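Novice: Handing you a structure now.
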Amino acid sequence: MSSESWPPKLKEWVARCLGQMTDLNREEAQAELKQVISESYANKTLWTTDWDGLQLKSLVPKPPPVISSHINLKRKLNDGHATSNKKSKKSSVAKSSASNALDPNDLAALNRRAARFQREHEIERQKTTRQFSNHNPYSSYKSRSGTPAAYDADNPEANPNVPNWDRFTIVGTSQEIFKDYLRLTSEPKPEQIRPYHILQETLNQLKKKWREKATYNWICSQFKSLRQDLTVQRIKNEFTVTVYEIHARMALEVGDMVEYNQCQAMLRNLYELGIPGKVQEFTAYRILMLLHGRNRSDLNLYVAQLTERQKKDPAVRHALGVQRAIAMGNYHALFDLYMNAPNMGAYIMDHFIDRERIRALMVMTKAYRTLQLSFLANELAFETPAMAREFLVEHRAGFFTNPNAPDTDMVIDCKPAGPQLAQIYEERYRKVQIKGAV
């Protein structure tokens, strides 16, 4: 059962379930998730099940633990030795007093009762918070606002299985501008993390180094270190978006799709938080990446969610034009769009343009018996006829009626080239593997 055949509602539900999982319930939740999907597949109800209203039992939030003091525990043990007569007497007194105090027509009595319950509730909350802080080794950490981060036992949305990350947030004190990236193996220390104003200077220096032709490996390590310092300090603002956008563009320029996909995934989360940035530019990149991966279901879902305002943006309109040209087999329009791609869209198209050239050649060799090499170079967006000839030879389709003629005068013999192109397409381009895809 391939996930590509799943309905969109099921994919969204699976994504929500995965996002709710923690280290404590992951194994149980994944087992239940697989069982639910398998049963639905076996019953042929994948498309009829109301996935939005379905909740895994293992992901239902558990009530926060109630922590009782040793004094209360001892008092409860002593109370257990009381006689049944004393209990019945207390019960009768409580009932009589309640009946006298809770007159539905007595508004003042109702208000006094509500205030009493509120005070008791507040006292119990403070006891729980104080005892949790005493047993927590990270209780000395403070939130970004500077106030101690306490566990809110009365918050109905608080999930005890999810760590309270405010308690682990730190503010760096390091003054180093450049720092190589190292994966964290323990909790970060303030003296190893750069504060916000130092990170801003770091970005300025890195942009200057990039213009001075610094090596990409060093630049990438510095950017990953910069992103790490932003993450551990939980800084999510326009500066964070700028950092990821710049690193993504650099990764595109050198063809580092692993880092690009990591940046693209983070940018999607930041944009969804409402943080401004080059949203339309990276929306266009997202469409082109989905075209590269030939992920039609996700592509159709993503395009369907675009607003009319987004579709009017030049970069997004270009990406949608590429999608339409590929879907319709309009290769003349496709390669024209490739030559006029805005921003850095051509860098992404470079990763799948050879595949589309082979597909175009498969159609052309069926329609013609011979083709001028110069015409082919112009039609498939090669810079020179020599580059077109090298491409054909590399793909075992270098059959010419006049092989000794100059490149500008060469003529392609389409009949023997067609089967070779079909074979090379199956071998190299049928399956797409994208490094770092998320």
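Residues in the structure tokens are named by chain (A, B, ... in the order shown) and by number from 1 within that chain; ligands are numbered from 1 in the order shown.
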Using only C-alpha atoms, what table do you get, as a tab-separated table, when you list each residue of range 301-405 of chain A with an atom no more than 10 Å from range 236-260 of chain A, its nearest pair of atoms, and their distance in Å rounded to one decimal, rows by chain then rising number?
Specialist:
residue	atom	partner	partner_atom	distance
A:Asn343	CA	A:Arg249	CA	9.5
A:Met344	CA	A:Arg249	CA	7.4
A:Gly345	CA	A:Leu252	CA	9.1
A:Ala346	CA	A:Leu252	CA	9.6
A:Tyr347	CA	A:Leu252	CA	6.2
A:Ile348	CA	A:Leu252	CA	7.1
A:Asp350	CA	A:Gly255	CA	9.3
A:His351	CA	A:Gly255	CA	8.7
Novice: Check the DSSP output for the backbone and give back, as an MDAnalysis selection string, the residues of range 8-49 of chain A in alpha helix (DSSP H).
Specialist: chainID A and resid 8:20 26:42
Novice: Now that the selection is made, can you save its residues with C-alpha atoms as a compact mmCIF listing (two decimals), in the first residue's frame?
Specialist:
# COMPACT_ATOMS: atom_id res chain seq x y z
CA PRO A 8 -5.30 14.15 1.22
CA LYS A 9 -7.34 14.05 4.44
CA LEU A 10 -5.52 10.88 5.53
CA LYS A 11 -2.11 12.43 4.81
CA GLU A 12 -3.02 15.52 6.86
CA TRP A 13 -4.27 13.32 9.72
CA VAL A 14 -1.08 11.23 9.71
CA ALA A 15 1.01 14.42 9.75
CA ARG A 16 -0.95 15.71 12.76
CA CYS A 17 -0.54 12.44 14.61
CA LEU A 18 3.21 12.38 13.99
CA GLY A 19 3.46 15.94 15.25
CA GLN A 20 1.69 15.00 18.51
CA ARG A 26 5.86 7.25 20.07
CA GLU A 27 6.14 3.44 19.98
CA GLU A 28 2.56 2.85 21.13
CA ALA A 29 1.15 5.61 18.88
CA GLN A 30 2.97 4.37 15.76
CA ALA A 31 1.68 0.85 16.32
CA GLU A 32 -1.89 2.13 16.73
CA LEU A 33 -1.50 4.39 13.68
CA LYS A 34 -0.38 1.49 11.47
CA GLN A 35 -3.23 -0.68 12.77
CA VAL A 36 -5.90 1.97 12.04
CA ILE A 37 -4.63 2.56 8.49
CA SER A 38 -4.29 -1.17 7.78
CA GLU A 39 -7.84 -1.86 8.98
CA SER A 40 -9.21 1.03 6.94
CA TYR A 41 -7.33 -0.21 3.86
CA ALA A 42 -8.58 -3.75 4.36
Novice: With only C-alpha atoms as the counted atoms, please give the residues lying no more than 12 Å from Ala381 in chain A, apart from itself and same-chain residues fewer than 6 positions off, as JSON, numbers by chain.
Specialist: {"A": [331, 332, 333, 334, 335, 336, 337, 338, 339, 340, 346, 350, 353, 354, 356, 357, 360, 374, 375, 387, 388, 391]}
Novice: Quick one: pull the distance between CA of Trp6 in chain A and CA of Arg430 in chain A, Å, one decimal.
Specialist: 21.7 Å
Novice: Nearest to Phe399 in chain A among A:Ser58, A:Leu371, A:Glu383, A:Ala422, with distances taken over only C-alpha atoms: which residue is it?
Specialist: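 Closest candidate: A:Leu371.
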Novice: Return the single residue from A:Ala325, A:Met410, A:Ala214, A:Leu226 that is closest to Thr202 in chain A, with distances computed using only C-alpha atoms.
Specialist: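 Among the listed residues, A:Leu226 lies closest to Thr202 in chain A.
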Novice: Could you list, as a tab-separated table (two decimals) with all heavy atoms, in the first residue's frame, every residue within 10 Å of Glu191 in chain A, counting only C-alpha atoms and ignoring same-chain residues fewer than 2 positions away?
Specialist:
chain	number	residue	atom	x	y	z
A	171	VAL	N	20.22	32.39	27.03
A	171	VAL	CA	20.70	33.54	26.29
A	171	VAL	C	22.22	33.45	26.26
A	171	VAL	O	22.87	33.39	27.31
A	171	VAL	CB	20.25	34.86	26.95
A	171	VAL	CG1	20.84	36.05	26.19
A	171	VAL	CG2	18.73	34.94	26.97
A	172	GLY	N	22.80	33.40	25.05
A	172	GLY	CA	24.23	33.21	24.90
A	172	GLY	C	25.05	34.39	25.37
A	172	GLY	O	24.56	35.54	25.43
A	173	THR	N	26.31	34.13	25.66
A	173	THR	CA	27.24	35.17	26.11
A	173	THR	C	28.53	35.19	25.29
A	173	THR	O	29.38	36.06	25.51
A	173	THR	CB	27.60	34.97	27.60
A	173	THR	OG1	28.21	33.68	27.77
A	173	THR	CG2	26.36	35.07	28.47
A	174	SER	N	28.69	34.25	24.34
A	174	SER	CA	29.91	34.19	23.55
A	174	SER	C	30.02	35.40	22.63
A	174	SER	O	29.01	35.87	22.08
A	174	SER	CB	29.95	32.90	22.71
A	174	SER	OG	31.06	32.89	21.84
A	175	GLN	N	31.24	35.90	22.46
A	175	GLN	CA	31.48	37.07	21.62
A	175	GLN	C	32.18	36.69	20.31
A	175	GLN	O	32.62	37.58	19.57
A	175	GLN	CB	32.33	38.09	22.38
A	175	GLN	CG	31.69	38.60	23.66
A	175	GLN	CD	30.37	39.31	23.42
A	175	GLN	OE1	30.30	40.23	22.61
A	175	GLN	NE2	29.32	38.88	24.11
A	188	PRO	N	23.00	22.90	25.85
A	188	PRO	CA	23.91	23.99	25.49
A	188	PRO	C	24.27	24.85	26.70
A	188	PRO	O	23.51	24.98	27.64
A	188	PRO	CB	23.11	24.79	24.46
A	188	PRO	CG	21.69	24.49	24.78
A	188	PRO	CD	21.66	23.08	25.28
A	189	LYS	N	25.46	25.42	26.65
A	189	LYS	CA	25.94	26.30	27.71
A	189	LYS	C	25.98	27.74	27.19
A	189	LYS	O	26.36	27.97	26.04
A	189	LYS	CB	27.34	25.87	28.16
A	189	LYS	CG	27.37	24.46	28.74
A	189	LYS	CD	28.79	24.06	29.14
A	189	LYS	CE	28.81	22.64	29.69
A	189	LYS	NZ	30.20	22.22	30.06
A	193	ILE	N	27.28	29.88	23.26
A	193	ILE	CA	26.25	30.37	22.35
A	193	ILE	C	26.40	31.88	22.18
A	193	ILE	O	26.65	32.60	23.13
A	193	ILE	CB	24.84	30.03	22.89
A	193	ILE	CG1	24.73	28.53	23.19
A	193	ILE	CG2	23.78	30.46	21.89
A	193	ILE	CD1	24.95	27.64	22.00
A	194	ARG	N	26.24	32.35	20.95
A	194	ARG	CA	26.36	33.77	20.66
A	194	ARG	C	25.01	34.47	20.83
A	194	ARG	O	23.98	33.94	20.36
A	194	ARG	CB	26.87	33.97	19.23
A	194	ARG	CG	28.30	33.52	19.01
A	194	ARG	CD	28.62	33.37	17.54
A	194	ARG	NE	27.89	32.26	16.94
A	194	ARG	CZ	28.08	31.83	15.70
A	194	ARG	NH1	28.97	32.42	14.93
A	194	ARG	NH2	27.39	30.82	15.23
A	195	PRO	N	24.97	35.62	21.46
A	195	PRO	CA	23.71	36.34	21.62
A	195	PRO	C	23.23	36.95	20.31
A	195	PRO	O	23.94	36.91	19.29
A	195	PRO	CB	24.06	37.43	22.65
A	195	PRO	CG	25.53	37.64	22.48
A	195	PRO	CD	26.11	36.31	22.11
Novice: Give me, please, the distance in Å between CA of Gly277 in chain A and CA of Gln264 in chain A, quoted to one decimal.
Specialist: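 About the pair CA of Gly277 in chain A and CA of Gln264 in chain A: they are 12.4 Å apart.
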Novice: Might you pull out every residue within 10 Å of Gln222 in chain A, with only C-alpha atoms counted and same-chain residues fewer than 6 positions away left off, and present them as a PDB file with N, CA and C atoms, in the first residue's frame?
Specialist:
ATOM      1  N   ILE A 177      32.675  35.820  16.514  1.00  0.00           N
ATOM      2  CA  ILE A 177      31.932  36.096  15.289  1.00  0.00           C
ATOM      3  C   ILE A 177      31.750  34.816  14.482  1.00  0.00           C
ATOM      4  N   PHE A 178      32.808  34.057  14.325  1.00  0.00           N
ATOM      5  CA  PHE A 178      32.764  32.819  13.555  1.00  0.00           C
ATOM      6  C   PHE A 178      32.929  31.625  14.479  1.00  0.00           C
ATOM      7  N   LYS A 179      32.161  30.582  14.200  1.00  0.00           N
ATOM      8  CA  LYS A 179      32.211  29.366  15.017  1.00  0.00           C
ATOM      9  C   LYS A 179      31.797  28.192  14.142  1.00  0.00           C
ATOM     10  N   ASP A 180      32.646  27.168  14.080  1.00  0.00           N
ATOM     11  CA  ASP A 180      32.319  25.992  13.278  1.00  0.00           C
ATOM     12  C   ASP A 180      31.145  25.229  13.890  1.00  0.00           C
ATOM     13  N   TYR A 181      30.406  24.555  13.024  1.00  0.00           N
ATOM     14  CA  TYR A 181      29.233  23.816  13.473  1.00  0.00           C
ATOM     15  C   TYR A 181      29.635  22.496  14.122  1.00  0.00           C
ATOM     16  N   THR A 202      27.544  38.383  12.699  1.00  0.00           N
ATOM     17  CA  THR A 202      28.028  37.179  12.025  1.00  0.00           C
ATOM     18  C   THR A 202      27.445  37.070  10.622  1.00  0.00           C
ATOM     19  N   LEU A 203      26.141  37.327  10.487  1.00  0.00           N
ATOM     20  CA  LEU A 203      25.512  37.247   9.171  1.00  0.00           C
ATOM     21  C   LEU A 203      26.113  38.267   8.210  1.00  0.00           C
ATOM     22  N   LEU A 206      29.463  36.981   7.096  1.00  0.00           N
ATOM     23  CA  LEU A 206      29.367  35.824   6.206  1.00  0.00           C
ATOM     24  C   LEU A 206      28.978  36.249   4.790  1.00  0.00           C
ATOM     25  N   TYR A 216      32.591  27.112  -0.025  1.00  0.00           N
ATOM     26  CA  TYR A 216      31.235  26.841   0.420  1.00  0.00           C
ATOM     27  C   TYR A 216      31.202  25.972   1.669  1.00  0.00           C
ATOM     28  N   GLN A 228      21.990  27.018  14.474  1.00  0.00           N
ATOM     29  CA  GLN A 228      21.932  26.302  15.744  1.00  0.00           C
ATOM     30  C   GLN A 228      21.802  27.271  16.924  1.00  0.00           C
TER      31      GLN A 228
END
Novice: So how many Å separate CA of His197 in chain A and CA of Leu182 in chain A, to one decimal?
Specialist: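 CA of His197 in chain A sits 21.1 Å away from CA of Leu182 in chain A.
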